[in-house]
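Read through the structure below, which is laid out as structure tokens, and then see the notes.
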Amino acid sequence: MKRNGKIRLIKDGKRLDGRKFDELRRIEMKVGVLKRATGSAYVEWGKNKVLAGVYGPRELHPKYLRDPTKALLRCIYNLAPFSVEERKRPGPDRRSIEISKVTTEALNSVVLVERYPNTAIDVFIEILQADAGTRCAGINAAALALADAGIPMRDLVTACAVGKVDGEIVLDLMKEEDNYGECDMPVAITPRKKEVVLLQMDGKLTRDEFKKAYELAIDGAMRICEIQKNALLSSINVDVKGV
Amino acid sequence: MLRIKNNEFVIPGQLIGSRIICDTNCFYENGKVYSAIQGIARVIGNRVIIIPSSGTYVPKEGDIVIGVVKNIMSRNWVIDINSPYTCILKGEEVARDPLNEDIRKYFVVGDIISGKISRVDEVNNSTISGPRKLENGIVIEVNPKRVPRVVGKKRSMLNLIKEKTKSRILVGQNGRIWINDGNIELTIMAIKRIEKEAQTKGLTDRIAKMLEENYNKN
Amino acid sequence: MDIEAYLRRDYIKNLVNQGKRLDGRKFDEFRKIEIENNYVGEKACGSSLINLGNTMVLVGISLDVGEPYPDSPESGVMTTSAELRPLASPYFEAGPPGEEAIEVARVVDRGIRESGAINLEKLFIEENKVWIVFIDIHILDHDGNLIDASGIAAISALLNTKIPKYEDGSVIYGEYSGSLPVTEVPIPCTFAKINDKMLIDPTLDEEYAMDSRLTITTTDTINAMQKGGVGSLSESEVYNAVDMAFEKAKDVRKLL
């Protein structure tokens with residue numbers, strides 16, 4: 001996190017993009033957007049454009065990875081080279097590998113992997129355009145894609161980030177806030193019991209600030225969960241006019 | 001106590017109720033029943049079943065499936081049945097003396113066969129029996145969970161299609177459908193449309209109308 | 001061979017013998033092409049999302065400042081790469097590009113480079129500093145003919161690419177100084193040979209049924225050719241394909 005005391009991120013009680021402290025950016029979600037993948041979802045969140053695709057349960061190769069008690073759930077998060085202003089070299093970098101790991105672990109908390117022994121469930125998250133909060137957008141898309149694929153889960157997973165910007169706790173950081181703020185904390189929960197399945201933080205927070213941030217994150221996530229549910233509900237309203 | 005209505009669309013983690021019997025598309029937690037998938041819930045007394053919107057095919061004994069021979073090993077054929085689990089057609093099902101015959105004279109890699117799932121073990125590996133080679137025609141694939149809609153109650157939808165297209169149609173529970181003769185194009189169009197609109201109302205009428213219109217065209 | 005290849009291969013070959021295709025197209029017909037330019041408009045210098053039937057490809061153009069090649073010190077540089085993203089097909093694996101991805105990238109690159117589509121001379125900044133144009137092909141959904149989908153999206157993206165500002169030795173992303181100088185519009189046209197017939201824009205099922213494949217990229221000249229697959233092509237098949245490629249490229253060009 002870079003510090004830049006010169007940029008004022010909050011002016012007259014509003015953020016750089018005009019949002020209130022607890023306001024989310026514009027979010028749109030859609031499922032069933034790919035033809036080949038078993039399940040898929042697309043999320044637009046602020047300027048983020050994220051695509052998730054799921055294959056599985058399917059045969060797992062190589063054989064030594066097979067687990068006779070459950071499916072192996074694997075999540076890969078990838079930034080397209082052109083998704084960021086300064087081109088990113090193709091291929092997994094350390095950041096993508098870490099995000100892949102925590103995302104896999106978050107989704108593993110809900111997927112009923114014991115029902116599909118010896119198989120693989122593969123989730124691919126492609127960030128097509130990135131503007132802060134991609135890992136949260138990715139998790140939200142991945143959860144929808146898993147539901148779209150018919151993979152049994154205990155609950156959905158909903159993610160949202162909070163941060164501290166010019167001393168204020170704010171919801172859903174945009175790029176400048178992520179770069180120049182004092183804290184960034186992505187959180188993912190299972191909406192039914194509000195249990196945390198992903199929690200990361202970097203920056204500086206007092207205990208009180210953390211409590212405030214955490215509550216704000218849960219609040220934001222519950223609002224996002226409604227958007228996820230509506231995306232699933234819309235998927236059955238297909239156009240019946242033509243072939 | 002039931003927390004959902006009949007024909008309600010449910011999502012993963014949604015509470016179905018307590019003291020309810022539910023099918024494998026649910027899970028139990030602290031005495032309550034929840035849906036594990038997205039689909040339409042059907043209530044029959046105190047039983048709930050969930051019609052999934054999508055999912056992978058897991059073999060069940062008695063299912064008719066359409067498979068592709070993908071390998072020959074130890075005098076058996078390994079069959080791809082569009083499932084993550086192994087399916088074997090034993091040499092002795094077909095050959096009188098599998099150990100001394102070249103079983104390739106019956107089926108080779110790439111052959112498309114229909115058969116019945118005869119046994120499924122505890123990790124979902126299966127064997128297939130009564131194999132028949134499917135020659136000519138075309139095999140299309142649909143979401144396996146939409147197969148019941150393609151067949152219809154008491155095969156009503158399937159018969160409707162067969163009547164208007166005069167095609168021979170073999171529906172595999174694993175989502176593969178073999179079509180031969182008749183108006184194959186129209187059959188494929190009808191099946192693809194049923195797959196897409198499976199969870200909507202009035203589908204049977206729309207399909208009947210579509211078949212009628214195209215039947216009269218020819 | 002992918003198992004699903006067996007399911008419709010024979011049927012498709014029989015259809016071809018009757019002069020028909022599974023989706024009802026004529027042999028010289030492209031599938032429906034939908035292009036959305038500036039799809040990554042907030043971050044990339046240029047971009048284009050294409051749907052060619054059910055094949056979906058996103059091409060992004062990024063610009064950066066770097067060193068020219070020693071044998072052309074006053075020329076910009078272009079480089080093309082392609083990734084068959086694993087969500088595009090159950091048979092694509094995560095990992096570095098394999099031979100299929102590399103072939104797509106190199107064939108698309110050839111068409112753009114050899115036609116002189118990008119006026120690389122105009123990308124000279126100062127001594128030892130030129131613009132580098134990165135063409136990144138991101139394949140998202142595979143239903144055949146990745147080369148044409150990628151090539152068409154690539155040139156469409158280039159036609160809509162802006163050059164970032166360059167001040168005091170650094171690139172100012174988000175601010176632009178002009179459009180990328182693009183003077184040609186090379187369009188690839190791929191044929192699949194099935195039972196001695198040449199079919200334009202094969203679907204994945206048709207690729208499974210084909211014996212060989214020929215891609216021809218044209219402007220007012222032929223700029224790239226690539227024969228793929230294991231079968232052979234006759235002289236007349238090649239000549240006919242060349243003629244048709246010129247014609248079809250014109251039609252596609254009108255959409256851009």
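Chain labels follow the order of the structure tokens: the first chain is A, the next B, and so on; residue numbering restarts at 1 in every chain, and ligands are counted from 1 in their shown order.
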* Show me which bits of chain B are within 7 Å of chain C, counting only C-alpha atoms, as a VMD selection string. => chain B and resid 70 110 136 to 139
* Expected answer as a count of residues only: chain B residues within 10 Å of chain A, only C-alpha atoms -> 52
* DSSP on the backbone, then: every residue of segment 154-203 of chain A marked helix (DSSP H, G or I), written as a list in words. => Lys175, Glu176, Glu177, Asp178, Asn179 and Tyr180 of chain A
* Test item: residues at most 8 Å from Ile224 of chain A, only C-alpha atoms, excluding those fewer than 6 positions along its chain, as a list in words ->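 So, after excluding close chain neighbours, the residues are Thr158, Ala159 and Cys160 of chain A.
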Could you write out the selected residues, including N, CA and C atoms, as a PDB file, in the first residue's frame?
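And here is the file that came out, out21.pdb:
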```pdb
ATOM      1  N   THR A 158     -20.293 -14.872  -0.299  1.00  0.00           N
ATOM      2  CA  THR A 158     -20.374 -13.479  -0.747  1.00  0.00           C
ATOM      3  C   THR A 158     -19.198 -12.712  -0.188  1.00  0.00           C
ATOM      4  N   ALA A 159     -18.536 -11.936  -1.040  1.00  0.00           N
ATOM      5  CA  ALA A 159     -17.337 -11.215  -0.626  1.00  0.00           C
ATOM      6  C   ALA A 159     -17.502  -9.723  -0.829  1.00  0.00           C
ATOM      7  N   CYS A 160     -16.833  -8.963   0.039  1.00  0.00           N
ATOM      8  CA  CYS A 160     -16.872  -7.514  -0.042  1.00  0.00           C
ATOM      9  C   CYS A 160     -15.634  -6.976   0.661  1.00  0.00           C
TER      10      CYS A 160
END
```
* To do: Identify every residue of chain C that has at least one atom within 7 Å of any atom of chain A, counting only C-alpha atoms, and report the result as a PyMOL selection string.
  => chain C and resi 40+43-44+54+60-62+87-90+96+136+141+173
Go ahead and write the selection's residues with N, CA and C atoms as a compact mmCIF listing (two decimals), in the first residue's frame.
```txt
# COMPACT_ATOMS: atom_id res chain seq x y z
N VAL C 40 -12.64 -3.31 -22.81
CA VAL C 40 -11.81 -3.04 -21.62
C VAL C 40 -11.41 -1.58 -21.69
N LYS C 43 -9.16 0.46 -19.09
CA LYS C 43 -7.77 0.11 -18.76
C LYS C 43 -6.88 -0.13 -19.97
N ALA C 44 -7.39 -0.85 -20.95
CA ALA C 44 -6.55 -1.19 -22.10
C ALA C 44 -6.55 -0.04 -23.10
N ASN C 54 -20.66 -19.39 -31.41
CA ASN C 54 -20.48 -19.59 -29.98
C ASN C 54 -19.03 -19.48 -29.52
N GLY C 60 -7.01 -7.73 -26.21
CA GLY C 60 -6.66 -6.45 -25.60
C GLY C 60 -5.35 -5.96 -26.16
N ILE C 61 -5.26 -4.65 -26.36
CA ILE C 61 -4.03 -4.04 -26.87
C ILE C 61 -3.44 -3.16 -25.77
N SER C 62 -2.19 -3.42 -25.42
CA SER C 62 -1.50 -2.59 -24.44
C SER C 62 -0.29 -1.95 -25.10
N LEU C 87 -11.10 -21.95 -18.94
CA LEU C 87 -12.56 -21.97 -18.88
C LEU C 87 -13.20 -22.07 -20.26
N ALA C 88 -12.38 -21.93 -21.30
CA ALA C 88 -12.94 -21.97 -22.65
C ALA C 88 -13.27 -23.37 -23.14
N SER C 89 -12.66 -24.37 -22.55
CA SER C 89 -12.89 -25.73 -23.03
C SER C 89 -12.45 -26.72 -21.97
N PRO C 90 -13.17 -27.83 -21.83
CA PRO C 90 -12.74 -28.83 -20.84
C PRO C 90 -11.37 -29.41 -21.17
N PRO C 96 1.47 -22.55 -19.24
CA PRO C 96 1.99 -21.74 -20.34
C PRO C 96 1.39 -22.19 -21.67
N ASP C 136 -2.79 -9.07 -27.05
CA ASP C 136 -3.01 -10.24 -26.19
C ASP C 136 -4.37 -10.85 -26.49
N ASP C 141 -14.27 -18.93 -24.93
CA ASP C 141 -15.29 -19.96 -25.15
C ASP C 141 -14.99 -20.57 -26.51
N TYR C 173 -0.64 6.71 -18.33
CA TYR C 173 -1.80 5.89 -18.69
C TYR C 173 -3.08 6.64 -18.36
```
* **Exercise: Phe21 of chain A partners within 10 Å, only C-alpha atoms, chain neighbours under 4 positions left out, as a VMD selection string** => chain A and resid 10 13 to 15 162 to 165 168 to 173 216
* **Every residue of segment 78-181 of chain A that DSSP places in strand (DSSP E or B), as a ChimeraX atom specification** => /A:78-79,111,119-129,153,158-165,168-171
Please produce an output containing C-alpha atoms for each residue in the selection, written as a short mmCIF file (atom, residue, chain, number, x, y, z; two decimals), in the first residue's frame.
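Wrote it out as selection-v6.cif, contents follow:
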```cif
data_model
loop_
_atom_site.label_atom_id
_atom_site.label_comp_id
_atom_site.auth_asym_id
_atom_site.auth_seq_id
_atom_site.Cartn_x
_atom_site.Cartn_y
_atom_site.Cartn_z
CA ASN A 78 -5.97 -14.93 -13.41
CA LEU A 79 -5.53 -11.32 -14.50
CA VAL A 111 -18.93 -27.03 -1.47
CA THR A 119 -13.05 -36.20 -8.91
CA ALA A 120 -11.98 -32.62 -9.62
CA ILE A 121 -14.08 -29.48 -9.46
CA ASP A 122 -12.27 -26.69 -11.29
CA VAL A 123 -13.14 -23.03 -10.96
CA PHE A 124 -11.49 -20.48 -13.26
CA ILE A 125 -11.71 -16.79 -12.48
CA GLU A 126 -10.67 -14.44 -15.29
CA ILE A 127 -10.27 -10.77 -14.54
CA LEU A 128 -10.91 -9.01 -17.83
CA GLN A 129 -10.78 -5.46 -16.48
CA MET A 153 -23.14 -26.26 -1.60
CA THR A 158 -20.37 -13.48 -0.75
CA ALA A 159 -17.34 -11.22 -0.63
CA CYS A 160 -16.87 -7.51 -0.04
CA ALA A 161 -13.93 -5.30 0.87
CA VAL A 162 -13.72 -2.48 3.37
CA GLY A 163 -10.90 -0.06 4.08
CA LYS A 164 -9.75 3.02 5.86
CA VAL A 165 -9.36 6.16 3.84
CA GLU A 168 -12.65 7.01 7.74
CA ILE A 169 -13.87 3.40 7.51
CA VAL A 170 -15.39 2.97 4.06
CA LEU A 171 -17.05 0.17 2.09
#
```
If we count only C-alpha atoms and set the cut-off at 10 Å, which residues sit around Val57 of chain C, ignoring sequence neighbours fewer than 2 positions away in its own chain? Please answer as a PDB file with N, CA and C atoms, in the first residue's frame.
```
ATOM      1  N   ILE C  35     -19.320  -7.933 -32.586  1.00  0.00           N
ATOM      2  CA  ILE C  35     -18.086  -7.339 -32.063  1.00  0.00           C
ATOM      3  C   ILE C  35     -18.431  -6.188 -31.142  1.00  0.00           C
ATOM      4  N   SER C  48     -11.281  -5.555 -28.008  1.00  0.00           N
ATOM      5  CA  SER C  48     -12.420  -5.960 -28.811  1.00  0.00           C
ATOM      6  C   SER C  48     -12.876  -7.334 -28.360  1.00  0.00           C
ATOM      7  N   LEU C  49     -14.169  -7.453 -28.082  1.00  0.00           N
ATOM      8  CA  LEU C  49     -14.740  -8.760 -27.718  1.00  0.00           C
ATOM      9  C   LEU C  49     -15.524  -9.257 -28.927  1.00  0.00           C
ATOM     10  N   ILE C  50     -15.196 -10.463 -29.374  1.00  0.00           N
ATOM     11  CA  ILE C  50     -15.906 -11.004 -30.531  1.00  0.00           C
ATOM     12  C   ILE C  50     -16.669 -12.261 -30.168  1.00  0.00           C
ATOM     13  N   ASN C  51     -17.878 -12.395 -30.701  1.00  0.00           N
ATOM     14  CA  ASN C  51     -18.608 -13.658 -30.672  1.00  0.00           C
ATOM     15  C   ASN C  51     -18.763 -14.098 -32.114  1.00  0.00           C
ATOM     16  N   LEU C  52     -18.063 -15.177 -32.457  1.00  0.00           N
ATOM     17  CA  LEU C  52     -18.169 -15.760 -33.796  1.00  0.00           C
ATOM     18  C   LEU C  52     -18.972 -17.039 -33.601  1.00  0.00           C
ATOM     19  N   ASN C  54     -20.658 -19.390 -31.409  1.00  0.00           N
ATOM     20  CA  ASN C  54     -20.479 -19.590 -29.978  1.00  0.00           C
ATOM     21  C   ASN C  54     -19.034 -19.483 -29.521  1.00  0.00           C
ATOM     22  N   THR C  55     -18.134 -19.133 -30.438  1.00  0.00           N
ATOM     23  CA  THR C  55     -16.743 -18.921 -30.040  1.00  0.00           C
ATOM     24  C   THR C  55     -16.608 -17.488 -29.548  1.00  0.00           C
ATOM     25  N   VAL C  59      -9.716  -9.660 -27.244  1.00  0.00           N
ATOM     26  CA  VAL C  59      -8.344  -9.243 -27.567  1.00  0.00           C
ATOM     27  C   VAL C  59      -8.116  -7.876 -26.950  1.00  0.00           C
ATOM     28  N   GLY C  60      -7.007  -7.728 -26.207  1.00  0.00           N
ATOM     29  CA  GLY C  60      -6.665  -6.449 -25.601  1.00  0.00           C
ATOM     30  C   GLY C  60      -5.349  -5.958 -26.160  1.00  0.00           C
ATOM     31  N   LEU C  84      -5.216 -19.940 -24.468  1.00  0.00           N
ATOM     32  CA  LEU C  84      -6.455 -20.707 -24.489  1.00  0.00           C
ATOM     33  C   LEU C  84      -6.858 -20.850 -23.028  1.00  0.00           C
ATOM     34  N   ARG C  85      -7.653 -19.936 -22.517  1.00  0.00           N
ATOM     35  CA  ARG C  85      -7.968 -19.939 -21.097  1.00  0.00           C
ATOM     36  C   ARG C  85      -8.703 -21.224 -20.732  1.00  0.00           C
ATOM     37  N   ALA C  88     -12.382 -21.932 -21.299  1.00  0.00           N
ATOM     38  CA  ALA C  88     -12.944 -21.968 -22.654  1.00  0.00           C
ATOM     39  C   ALA C  88     -13.266 -23.373 -23.145  1.00  0.00           C
ATOM     40  N   ILE C 137      -4.351 -12.094 -26.931  1.00  0.00           N
ATOM     41  CA  ILE C 137      -5.558 -12.816 -27.322  1.00  0.00           C
ATOM     42  C   ILE C 137      -5.981 -13.714 -26.169  1.00  0.00           C
ATOM     43  N   HIS C 138      -7.210 -13.519 -25.698  1.00  0.00           N
ATOM     44  CA  HIS C 138      -7.706 -14.241 -24.531  1.00  0.00           C
ATOM     45  C   HIS C 138      -8.925 -15.043 -24.979  1.00  0.00           C
ATOM     46  N   ILE C 139      -8.735 -16.336 -25.156  1.00  0.00           N
ATOM     47  CA  ILE C 139      -9.836 -17.141 -25.672  1.00  0.00           C
ATOM     48  C   ILE C 139     -10.722 -17.611 -24.529  1.00  0.00           C
ATOM     49  N   LEU C 140     -12.009 -17.277 -24.614  1.00  0.00           N
ATOM     50  CA  LEU C 140     -12.905 -17.477 -23.478  1.00  0.00           C
ATOM     51  C   LEU C 140     -13.927 -18.594 -23.667  1.00  0.00           C
ATOM     52  N   ASP C 141     -14.272 -18.930 -24.926  1.00  0.00           N
ATOM     53  CA  ASP C 141     -15.289 -19.964 -25.152  1.00  0.00           C
ATOM     54  C   ASP C 141     -14.991 -20.567 -26.513  1.00  0.00           C
ATOM     55  N   HIS C 142     -14.769 -21.875 -26.585  1.00  0.00           N
ATOM     56  CA  HIS C 142     -14.251 -22.498 -27.806  1.00  0.00           C
ATOM     57  C   HIS C 142     -15.336 -23.277 -28.535  1.00  0.00           C
ATOM     58  N   LEU C 146     -10.633 -20.684 -33.886  1.00  0.00           N
ATOM     59  CA  LEU C 146     -10.039 -19.707 -32.984  1.00  0.00           C
ATOM     60  C   LEU C 146      -9.207 -18.693 -33.760  1.00  0.00           C
ATOM     61  N   ILE C 147      -8.607 -19.118 -34.863  1.00  0.00           N
ATOM     62  CA  ILE C 147      -7.726 -18.216 -35.603  1.00  0.00           C
ATOM     63  C   ILE C 147      -8.509 -17.037 -36.183  1.00  0.00           C
ATOM     64  N   ALA C 149     -11.521 -15.917 -35.326  1.00  0.00           N
ATOM     65  CA  ALA C 149     -12.116 -15.104 -34.261  1.00  0.00           C
ATOM     66  C   ALA C 149     -11.053 -14.182 -33.672  1.00  0.00           C
ATOM     67  N   SER C 150      -9.874 -14.752 -33.415  1.00  0.00           N
ATOM     68  CA  SER C 150      -8.802 -13.958 -32.807  1.00  0.00           C
ATOM     69  C   SER C 150      -8.288 -12.893 -33.769  1.00  0.00           C
ATOM     70  N   GLY C 151      -8.118 -13.262 -35.037  1.00  0.00           N
ATOM     71  CA  GLY C 151      -7.575 -12.313 -36.016  1.00  0.00           C
ATOM     72  C   GLY C 151      -8.515 -11.150 -36.266  1.00  0.00           C
ATOM     73  N   ILE C 152      -9.810 -11.438 -36.350  1.00  0.00           N
ATOM     74  CA  ILE C 152     -10.775 -10.368 -36.600  1.00  0.00           C
ATOM     75  C   ILE C 152     -10.872  -9.451 -35.384  1.00  0.00           C
ATOM     76  N   ALA C 153     -10.911 -10.047 -34.189  1.00  0.00           N
ATOM     77  CA  ALA C 153     -10.971  -9.226 -32.975  1.00  0.00           C
ATOM     78  C   ALA C 153      -9.708  -8.394 -32.837  1.00  0.00           C
ATOM     79  N   ALA C 154      -8.562  -8.973 -33.212  1.00  0.00           N
ATOM     80  CA  ALA C 154      -7.293  -8.256 -33.069  1.00  0.00           C
ATOM     81  C   ALA C 154      -7.263  -7.005 -33.927  1.00  0.00           C
TER      82      ALA C 154
END
```
* **12 Å contact set for Gly152 of chain B, only C-alpha atoms, chain neighbours under 4 positions out, as a PyMOL selection string** => chain B and resi 146-148+156-161+171+191+194-195+198+203-204+207
Could you write those residues out with C-alpha atoms, as an mmCIF file, in the first residue's frame?
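Everything below was put into selection26.cif:
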```cif
data_model
loop_
_atom_site.group_PDB
_atom_site.id
_atom_site.type_symbol
_atom_site.label_atom_id
_atom_site.label_comp_id
_atom_site.auth_asym_id
_atom_site.auth_seq_id
_atom_site.Cartn_x
_atom_site.Cartn_y
_atom_site.Cartn_z
ATOM 1 C CA ARG B 146 -33.023 -31.665 -18.296
ATOM 2 C CA VAL B 147 -33.462 -35.201 -19.653
ATOM 3 C CA PRO B 148 -36.715 -35.845 -17.744
ATOM 4 C CA SER B 156 -45.475 -37.622 -23.571
ATOM 5 C CA MET B 157 -42.946 -35.028 -24.810
ATOM 6 C CA LEU B 158 -40.779 -37.617 -26.528
ATOM 7 C CA ASN B 159 -43.770 -39.180 -28.251
ATOM 8 C CA LEU B 160 -44.931 -35.750 -29.396
ATOM 9 C CA ILE B 161 -41.570 -35.161 -31.076
ATOM 10 C CA VAL B 171 -32.557 -40.864 -24.797
ATOM 11 C CA ILE B 191 -34.767 -30.942 -27.992
ATOM 12 C CA ILE B 194 -36.781 -27.977 -24.401
ATOM 13 C CA GLU B 195 -33.359 -27.962 -22.771
ATOM 14 C CA ALA B 198 -37.078 -26.620 -19.305
ATOM 15 C CA LEU B 203 -43.413 -25.497 -22.759
ATOM 16 C CA THR B 204 -45.348 -28.483 -24.083
ATOM 17 C CA ILE B 207 -43.075 -27.295 -28.607
#
```
